[in-house]
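File shown: structure12.txt. Contents: compact mmCIF, C-alpha atoms and all ligand atoms.
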```txt
# COMPACT_ATOMS: atom_id res chain seq x y z
CA MET A 5 -49.18 19.87 50.44
CA ILE A 6 -52.26 17.94 51.61
CA ALA A 7 -53.79 15.54 49.10
CA ILE A 8 -57.49 14.91 49.63
CA THR A 9 -59.42 12.03 48.07
CA GLY A 10 -63.19 11.65 47.98
CA ALA A 11 -63.74 15.38 47.37
CA THR A 12 -66.69 14.57 45.08
CA GLY A 13 -68.34 12.70 47.97
CA ALA A 14 -69.96 13.60 51.28
CA VAL A 15 -67.08 13.27 53.78
CA GLY A 16 -64.24 14.40 51.50
CA GLY A 17 -66.35 17.26 50.14
CA ARG A 18 -66.93 18.58 53.65
CA VAL A 19 -63.24 18.28 54.50
CA VAL A 20 -62.27 20.36 51.47
CA ARG A 21 -64.91 22.99 52.32
CA ALA A 22 -63.52 23.22 55.88
CA LEU A 23 -59.93 23.71 54.74
CA ALA A 24 -60.27 25.67 51.49
CA ASP A 25 -60.62 29.15 52.98
CA ASP A 26 -57.15 29.39 54.46
CA LEU A 27 -55.28 26.38 53.05
CA ARG A 28 -56.35 26.59 49.38
CA ASN A 29 -52.75 26.81 48.14
CA ASP A 30 -51.76 23.73 50.13
CA LEU A 31 -54.60 21.51 48.95
CA ARG A 32 -54.60 19.01 46.12
CA LEU A 33 -57.86 17.25 45.28
CA VAL A 34 -57.31 13.71 43.98
CA VAL A 35 -60.47 12.70 42.13
CA ARG A 36 -61.60 10.23 39.50
CA ASP A 37 -63.28 12.83 37.31
CA ALA A 38 -61.86 16.35 37.29
CA SER A 39 -65.10 17.81 35.91
CA ARG A 40 -66.87 16.81 39.15
CA ALA A 41 -64.23 18.19 41.53
CA PRO A 42 -65.54 21.01 43.73
CA ASP A 43 -64.17 24.32 42.50
CA TYR A 44 -62.14 26.00 45.25
CA ASP A 45 -59.31 27.06 42.97
CA THR A 46 -57.06 24.25 44.26
CA ASP A 47 -54.72 21.89 42.49
CA VAL A 48 -56.70 18.94 41.06
CA ARG A 49 -55.26 15.58 39.96
CA VAL A 50 -56.97 12.53 38.54
CA CYS A 51 -56.62 8.86 39.47
CA ASP A 52 -58.52 5.79 40.55
CA TYR A 53 -57.22 3.87 43.57
CA ALA A 54 -56.70 0.83 41.36
CA ASP A 55 -54.39 2.68 38.95
CA HIS A 56 -50.96 2.48 40.57
CA ALA A 57 -49.01 4.58 38.06
CA ALA A 58 -51.61 7.39 37.96
CA ALA A 59 -51.80 7.36 41.75
CA VAL A 60 -48.04 7.75 42.17
CA GLU A 61 -48.15 10.66 39.72
CA ALA A 62 -51.14 12.27 41.47
CA LEU A 63 -49.59 11.98 44.93
CA ARG A 64 -45.99 13.00 44.25
CA GLY A 65 -45.13 16.08 46.30
CA ALA A 66 -47.92 15.57 48.87
CA GLU A 67 -46.74 15.28 52.46
CA THR A 68 -50.08 14.33 53.94
CA LEU A 69 -52.89 12.28 52.40
CA PHE A 70 -56.53 12.06 53.43
CA MET A 71 -57.71 8.72 52.07
CA VAL A 72 -61.44 8.10 52.01
CA SER A 73 -62.14 4.38 51.81
CA ALA A 74 -63.30 3.28 48.35
CA ALA A 75 -66.82 2.45 47.30
CA GLU A 76 -67.91 -1.10 48.19
CA ALA A 77 -66.51 -3.60 45.72
CA GLN A 78 -65.41 -7.22 45.80
CA ASP A 79 -61.82 -6.17 45.04
CA ARG A 80 -61.77 -3.21 47.42
CA ARG A 81 -58.86 -4.62 49.44
CA ASP A 82 -56.72 -4.73 46.29
CA GLN A 83 -57.76 -1.19 45.33
CA HIS A 84 -56.83 0.08 48.78
CA ARG A 85 -53.51 -1.77 48.81
CA THR A 86 -52.60 -0.45 45.35
CA PHE A 87 -53.31 3.14 46.38
CA ILE A 88 -51.51 2.81 49.74
CA ARG A 89 -48.44 1.37 48.00
CA ALA A 90 -48.56 4.25 45.52
CA ALA A 91 -48.73 6.77 48.36
CA ALA A 92 -45.63 5.34 50.00
CA GLU A 93 -43.81 5.27 46.66
CA ALA A 94 -44.78 8.88 45.96
CA GLY A 95 -43.19 9.94 49.25
CA VAL A 96 -46.32 10.67 51.31
CA GLY A 97 -45.26 10.88 54.94
CA HIS A 98 -48.59 10.75 56.80
CA ILE A 99 -51.84 9.09 55.78
CA VAL A 100 -55.20 9.77 57.41
CA TYR A 101 -57.60 6.91 56.60
CA THR A 102 -61.34 6.52 57.17
CA SER A 103 -61.54 3.08 58.78
CA PHE A 104 -64.39 1.41 60.67
CA ALA A 105 -65.18 1.19 64.40
CA GLY A 106 -64.22 -2.32 65.41
CA ALA A 107 -62.09 -2.97 62.33
CA ALA A 108 -60.65 -6.46 62.83
CA ALA A 109 -59.74 -9.56 60.86
CA ASP A 110 -62.86 -11.24 62.25
CA ALA A 111 -65.19 -8.21 62.52
CA THR A 112 -68.88 -9.13 62.44
CA PHE A 113 -69.48 -6.40 59.85
CA THR A 114 -67.68 -8.02 56.94
CA LEU A 115 -66.50 -4.72 55.46
CA GLY A 116 -64.82 -3.99 58.80
CA ARG A 117 -62.39 -6.76 57.74
CA ASP A 118 -61.46 -4.77 54.60
CA HIS A 119 -60.74 -1.75 56.77
CA TRP A 120 -58.54 -3.88 59.02
CA ASP A 121 -56.66 -5.01 55.93
CA ALA A 122 -56.17 -1.40 54.81
CA GLU A 123 -54.90 -0.45 58.28
CA GLN A 124 -52.37 -3.31 58.13
CA ALA A 125 -51.27 -2.26 54.63
CA ILE A 126 -50.67 1.27 55.89
CA ARG A 127 -48.69 0.04 58.91
CA GLU A 128 -46.59 -2.15 56.61
CA THR A 129 -45.43 0.89 54.60
CA GLY A 130 -43.97 2.58 57.68
CA MET A 131 -45.82 5.84 56.91
CA THR A 132 -47.12 7.80 59.86
CA PHE A 133 -50.87 7.29 60.11
CA THR A 134 -54.05 8.46 61.73
CA PHE A 135 -56.95 6.01 61.64
CA LEU A 136 -60.45 7.45 61.88
CA ARG A 137 -62.51 4.42 62.85
CA ASP A 138 -66.01 5.58 61.98
CA ASN A 139 -69.13 3.93 63.34
CA PHE A 140 -72.03 3.61 60.87
CA TYR A 141 -73.06 6.99 59.49
CA SER A 142 -76.09 8.27 61.39
CA ASP A 143 -77.33 10.45 58.54
CA LEU A 144 -77.48 7.38 56.28
CA LEU A 145 -79.45 5.09 58.63
CA PRO A 146 -82.89 6.43 57.53
CA PHE A 147 -82.03 5.42 53.97
CA PHE A 148 -82.14 1.78 55.11
CA ALA A 149 -85.96 2.11 55.22
CA ASP A 150 -88.21 0.82 52.45
CA ASP A 151 -90.94 2.90 50.77
CA GLU A 152 -93.24 2.27 53.73
CA GLY A 153 -90.66 3.62 56.18
CA VAL A 154 -89.76 0.19 57.58
CA ILE A 155 -86.13 -0.61 58.44
CA ARG A 156 -85.92 -4.38 58.44
CA GLY A 157 -82.91 -6.46 59.49
CA PRO A 158 -81.49 -8.81 62.15
CA ALA A 159 -80.40 -6.13 64.64
CA GLY A 160 -82.73 -7.16 67.50
CA ASP A 161 -82.40 -4.82 70.48
CA GLY A 162 -78.71 -4.17 69.75
CA ARG A 163 -77.41 -0.61 69.88
CA VAL A 164 -75.46 1.49 67.41
CA ALA A 165 -73.40 4.58 68.30
CA ALA A 166 -73.75 5.97 64.77
CA VAL A 167 -71.72 9.06 63.90
CA ALA A 168 -72.63 12.01 61.67
CA ARG A 169 -70.58 12.31 58.50
CA ALA A 170 -70.22 16.00 59.32
CA ASP A 171 -68.42 15.02 62.53
CA VAL A 172 -66.10 12.63 60.69
CA ALA A 173 -65.24 15.51 58.36
CA ASP A 174 -64.69 17.93 61.25
CA VAL A 175 -62.31 15.48 62.91
CA ALA A 176 -60.48 14.86 59.64
CA ALA A 177 -60.08 18.60 59.04
CA ALA A 178 -58.67 19.10 62.55
CA VAL A 179 -56.19 16.25 62.02
CA LEU A 180 -55.13 17.58 58.62
CA ARG A 181 -54.47 21.02 60.09
CA ALA A 182 -51.98 19.56 62.58
CA PRO A 183 -51.03 16.05 61.44
CA ALA A 184 -47.99 15.74 63.73
CA GLU A 185 -50.24 16.09 66.79
CA HIS A 186 -52.16 13.01 65.64
CA ALA A 187 -49.25 10.83 64.55
CA ASP A 188 -49.99 7.09 64.84
CA ALA A 189 -53.29 7.78 66.63
CA THR A 190 -56.45 5.74 66.22
CA TYR A 191 -59.73 7.54 66.92
CA VAL A 192 -63.04 5.76 67.28
CA LEU A 193 -65.64 8.18 65.95
CA THR A 194 -69.14 7.75 67.33
CA GLY A 195 -72.24 9.73 68.01
CA PRO A 196 -73.11 10.88 71.54
CA GLU A 197 -75.29 7.85 72.38
CA ALA A 198 -75.95 4.25 71.39
CA LEU A 199 -79.45 3.77 69.97
CA THR A 200 -81.51 0.70 69.14
CA MET A 201 -82.78 0.57 65.57
CA SER A 202 -86.29 1.19 66.96
CA ASP A 203 -84.95 4.43 68.50
CA VAL A 204 -83.31 5.34 65.19
CA ALA A 205 -86.52 4.75 63.22
CA ALA A 206 -88.72 6.72 65.62
CA ARG A 207 -86.35 9.64 66.00
CA ALA A 208 -85.43 9.86 62.32
CA GLY A 209 -89.11 9.66 61.38
CA ALA A 210 -89.86 12.61 63.67
CA VAL A 211 -87.24 14.76 61.95
CA LEU A 212 -88.10 13.65 58.43
CA GLY A 213 -91.86 13.95 58.96
CA ARG A 214 -92.69 10.36 58.05
CA THR A 215 -93.78 7.32 59.99
CA MET A 216 -90.83 4.98 60.39
CA ARG A 217 -90.37 1.81 62.36
CA PHE A 218 -87.88 -1.00 62.81
CA GLU A 219 -88.86 -4.61 62.24
CA ASP A 220 -86.51 -7.35 63.44
CA GLU A 221 -85.79 -10.10 60.93
CA THR A 222 -84.02 -13.46 61.18
CA VAL A 223 -80.64 -13.74 59.49
CA GLU A 224 -82.08 -16.29 57.06
CA ALA A 225 -84.99 -14.02 56.14
CA ALA A 226 -82.60 -11.08 55.69
CA TYR A 227 -80.50 -13.00 53.17
CA ALA A 228 -83.56 -14.34 51.36
CA SER A 229 -85.32 -10.95 51.07
CA ARG A 230 -82.22 -9.16 49.79
CA ARG A 231 -81.27 -11.95 47.40
CA ALA A 232 -84.78 -11.91 45.93
CA ALA A 233 -85.00 -8.10 45.68
CA TYR A 234 -81.53 -7.29 44.35
CA GLY A 235 -79.98 -10.53 43.09
CA ALA A 236 -76.72 -9.31 44.65
CA GLU A 237 -73.53 -11.33 44.95
CA ASP A 238 -72.72 -13.18 48.18
CA TRP A 239 -70.06 -10.71 49.41
CA GLN A 240 -72.57 -7.85 49.03
CA LEU A 241 -75.33 -9.78 50.82
CA ASP A 242 -72.87 -10.59 53.63
CA ALA A 243 -72.03 -6.88 53.97
CA TRP A 244 -75.67 -5.79 54.03
CA VAL A 245 -76.84 -8.44 56.50
CA SER A 246 -73.81 -8.09 58.78
CA THR A 247 -74.53 -4.38 59.13
CA TYR A 248 -77.45 -5.51 61.31
CA THR A 249 -75.80 -8.48 63.03
CA ALA A 250 -72.92 -6.17 64.05
CA ILE A 251 -75.50 -3.95 65.74
CA GLU A 252 -77.23 -6.96 67.30
CA ASP A 253 -74.04 -8.37 68.87
CA GLY A 254 -72.90 -5.07 70.37
CA SER A 255 -69.88 -4.56 68.06
CA CYS A 256 -71.04 -1.01 67.25
CA ALA A 257 -72.36 0.07 70.64
CA GLU A 258 -69.27 1.73 72.12
CA VAL A 259 -69.64 5.50 72.63
CA THR A 260 -66.38 7.45 72.75
CA GLY A 261 -65.50 11.10 73.25
CA ASP A 262 -63.07 11.18 70.32
CA VAL A 263 -65.19 13.45 68.10
CA GLU A 264 -65.27 16.11 70.79
CA ARG A 265 -61.64 15.62 71.83
CA VAL A 266 -60.32 16.11 68.29
CA SER A 267 -62.86 18.49 66.71
CA GLY A 268 -63.46 20.61 69.81
CA HIS A 269 -67.25 20.31 69.72
CA PRO A 270 -69.69 17.64 70.94
CA ALA A 271 -70.73 14.91 68.54
CA ARG A 272 -73.96 15.65 66.67
CA THR A 273 -77.11 13.83 67.72
CA LEU A 274 -79.07 11.89 65.11
CA GLU A 275 -81.54 14.79 64.94
CA GLN A 276 -78.82 17.40 64.45
CA ALA A 277 -77.18 15.36 61.71
CA LEU A 278 -80.44 14.85 59.82
CA ARG A 279 -81.64 18.45 60.24
CA GLU A 280 -78.36 19.87 58.95
CA ASN A 281 -78.60 17.69 55.87
CA LEU A 282 -82.20 18.79 55.25
CA GLU A 283 -81.20 22.44 55.58
CA SER A 284 -78.28 22.09 53.19
N1 LIG B 301 -69.53 3.98 58.16
C1 LIG B 301 -70.55 3.93 57.32
O1 LIG B 301 -71.75 3.85 57.69
C2 LIG B 301 -70.32 4.02 55.85
C3 LIG B 301 -71.42 4.02 55.01
C4 LIG B 301 -71.20 4.16 53.66
C5 LIG B 301 -69.91 4.27 53.17
N2 LIG B 301 -68.85 4.25 54.02
C6 LIG B 301 -67.45 4.41 53.56
O2 LIG B 301 -67.08 5.75 53.84
C7 LIG B 301 -66.60 6.38 52.64
C8 LIG B 301 -66.94 7.86 52.64
O3 LIG B 301 -68.33 8.03 52.76
P1 LIG B 301 -69.08 9.13 51.89
O4 LIG B 301 -70.47 9.22 52.43
O5 LIG B 301 -68.26 10.36 51.78
O6 LIG B 301 -69.14 8.38 50.47
P2 LIG B 301 -69.47 9.03 49.04
O7 LIG B 301 -70.27 10.27 49.18
O8 LIG B 301 -69.99 7.90 48.22
O9 LIG B 301 -68.02 9.43 48.50
C9 LIG B 301 -67.03 8.46 48.23
C10 LIG B 301 -65.87 9.19 47.57
O10 LIG B 301 -64.80 8.28 47.35
C11 LIG B 301 -64.43 8.31 45.97
N3 LIG B 301 -64.05 6.95 45.57
C12 LIG B 301 -64.77 5.82 45.76
N4 LIG B 301 -64.12 4.77 45.26
C13 LIG B 301 -62.95 5.26 44.72
C14 LIG B 301 -61.87 4.66 44.02
N5 LIG B 301 -61.84 3.34 43.77
N6 LIG B 301 -60.85 5.46 43.61
C15 LIG B 301 -60.89 6.80 43.85
N7 LIG B 301 -61.89 7.43 44.50
C16 LIG B 301 -62.92 6.66 44.92
C17 LIG B 301 -65.69 8.73 45.24
O11 LIG B 301 -65.35 9.25 43.97
P3 LIG B 301 -66.43 9.29 42.77
O12 LIG B 301 -67.25 10.55 42.98
O13 LIG B 301 -65.59 9.33 41.55
O14 LIG B 301 -67.26 8.05 42.89
C18 LIG B 301 -66.24 9.78 46.21
O15 LIG B 301 -65.58 11.01 46.06
C19 LIG B 301 -67.25 5.58 51.50
O16 LIG B 301 -66.48 5.67 50.33
C20 LIG B 301 -67.28 4.17 52.08
O17 LIG B 301 -66.05 3.49 51.88
C21 LIG B 301 -69.04 4.14 55.35
```

Turn this file's structure into structure tokens for me.
Amino acid sequence: MIAITGATGAVGGRVVRALADDLRNDLRLVVRDASRAPDYDTDVRVCDYADHAAAVEALRGAETLFMVSAAEAQDRRDQHRTFIRAAAEAGVGHIVYTSFAGAAADATFTLGRDHWDAEQAIRETGMTFTFLRDNFYSDLLPFFADDEGVIRGPAGDGRVAAVARADVADVAAAVLRAPAEHADATYVLTGPEALTMSDVAARAGAVLGRTMRFEDETVEAAYASRRAAYGAEDWQLDAWVSTYTAIEDGSCAEVTGDVERVSGHPARTLEQALRENLES
């Protein structure tokens, strides 16, 4: 039995679609709202990561778990740790977790520190694991633009090896089909090239049919503009601004061949990722 979280979202939804044809009877979708679960005639269970008792109940009997990292929240580390503990208690043997490229206790991208914490929590349980350390999602980068098509942030001329969510899902599906082959492996999932944000804006604009450009910003201006526009809390501002500083300092520039090695096909370019989304 393979338990899959995040099935109502982009990555988890694609994973379920990839596996449902031939593994329907071995799949269990673990969602927060059963009415929004995709209908593939699979087992469906309900829990939130933060609800330990419901999570143990939802995961009992599953040998393998695909855990999509939770939505951004100040207490996300606690949510992850609660769910990981529940998985171990329920008897899950192997957990496949969507982490972040460069996850570390001192990662520039502040949410990369949460992913590091989740990886440590998983190691502490003794479960077999596979970590999918995803770079930033290429098909989301154009959404960083404002109404005028300007992506603004302190990324300078730094490069980002952004990965398509479709590729993350393809890798996850391949791992879930043969978990033992990927026991205790860490894959760094990237696109085929590292692009500057100016490249991203120009190339995304060409696909999307709109004029887009990147405008560098100082760190101070980035905090001030986001604080004024959204009135967000400090941890959220840190996450938003450090998305750009992590690109600026090279933390997200490494290109690997892991997507191709595990999925069997080359990583999608930015254009391929965006076009596929437009078509679907
Ligand atoms: N690398 C990057 O650039 C990047 C960018 C954005 C996000 N991320 C991370 O990657 C993950 C997957 O991306 P995505 O595009 O597939 O996100 P998505 O479309 O927002 O889907 C997230 C999924 O996780 C579920 N979920 C979120 N918090 C949960 C919780 N506390 N308990 C149980 N289920 C929960 C959601 O359920 P509901 O439908 O009930 O909300 C949804 O099914 C995100 O959740 C986020 O952690 C990475």

Set up a box along x, y and z of the file covering all listed atoms of ligand LIG 301 (chain B), add 6 Å on every one of the six sides, and write the centre and edge lengths in Å to one decimal, as JSON.
```
{"center_x": -66.3, "center_y": 7.2, "center_z": 49.9, "size_x": 22.9, "size_y": 19.7, "size_z": 28.6}
```

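Residues within 10 Å of A:Gln78, counting all atoms listed in the file and excluding same-chain residues fewer than 2 positions away, are Ala75, Glu76, Arg80, Arg81, Asp82, Gln83, Asp118, Glu237, Asp238, Trp239 and Gln240 of chain A.
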
List as a ChimeraX atom specification the protein and nucleic acid residues lying within 8 Å of ligand LIG 301 (chain B), with all atoms listed in the file counted. /A:9-17,34-37,40,51-54,72-76,80,83-84,102-104,138-142,144-145,166-167,169

A:Ala225 surroundings by all atoms listed in the file, 9 Å radius, close-in-sequence under 5 positions cut, as an mmCIF file with C-alpha atoms, in the frame of the given file:
```cif
data_model
loop_
_atom_site.group_PDB
_atom_site.id
_atom_site.type_symbol
_atom_site.label_atom_id
_atom_site.label_comp_id
_atom_site.auth_asym_id
_atom_site.auth_seq_id
_atom_site.Cartn_x
_atom_site.Cartn_y
_atom_site.Cartn_z
ATOM 1 C CA GLY A 157 -82.910 -6.460 59.490
ATOM 2 C CA PRO A 158 -81.490 -8.810 62.150
ATOM 3 C CA ARG A 230 -82.220 -9.160 49.790
#
```

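You can rank A:Arg156, A:His56, A:Arg18, A:Arg117 by their closest distance to A:Ala243 using all atoms listed in the file, and at the top of that list sits A:Arg117.
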
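In this structure, atom CA of A:Ala92 sits 17.7 Å away from atom CA of A:Leu33.
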
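For A:Thr222, the set of protein, DNA and RNA residues having any atom at most 12 Å away, when counting all atoms listed in the file and skipping those fewer than 2 positions along the same chain, is Arg156, Gly157, Pro158, Ala159, Gly160, Glu219, Asp220, Glu224, Ala225, Ala226, Tyr227, Ala228, Ser229, Val245, Ser246, Tyr248, Thr249 and Glu252 of chain A.
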
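Note that the spacing between atom CA of A:Arg214 and atom CA of A:Leu278 amounts to 13.2 Å.
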
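Take atom CA of A:Ala59 and atom CA of A:Ala77: the distance between them is 18.8 Å.
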
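In terms of minimum interatomic distance to A:Asp242, A:Ala111 ranks closest within A:Ala165, A:Ala176, A:Ala111, A:Met201, counting all atoms listed in the file.
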
Tell me which protein, DNA and RNA residues are within 7 Å of A:Phe70, counting all atoms listed in the file, leaving out same-chain ones fewer than 2 positions away, and put them as number ranges by chain. A: 7-9, 68, 72, 99-101

Would you mind telling me which residue in A:Gly130, A:Gly97, A:Pro146, A:Gly65 lies nearest to A:Arg207 when using all atoms listed in the file? A:Pro146

With only C-alpha atoms counted, which protein, DNA or RNA residues have an atom no more than 12 Å from (-51.1, 11.5, 59.3) in the file frame? Please answer as a PyMOL selection string. chain A and resi 6-7+66-71+96-102+126-127+130-136+176-190

Rank A:Val164, A:Ala94, A:Gly195, A:Ala170 by their smallest atom-to-atom distance to A:Arg21, using all atoms listed in the file, and report the top residue only. A:Ala170

I want to know what sits within 8 Å of A:Gly116, based on only C-alpha atoms, with residues of the same chain fewer than 6 positions away left out; could you give that as a PyMOL selection string? chain A and resi 103-109

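Nearest-residue note for A:Val266: choosing from A:Ala38, A:Val192, A:Val154, A:Trp120, the minimum distance belongs to A:Val192, counting all atoms listed in the file.
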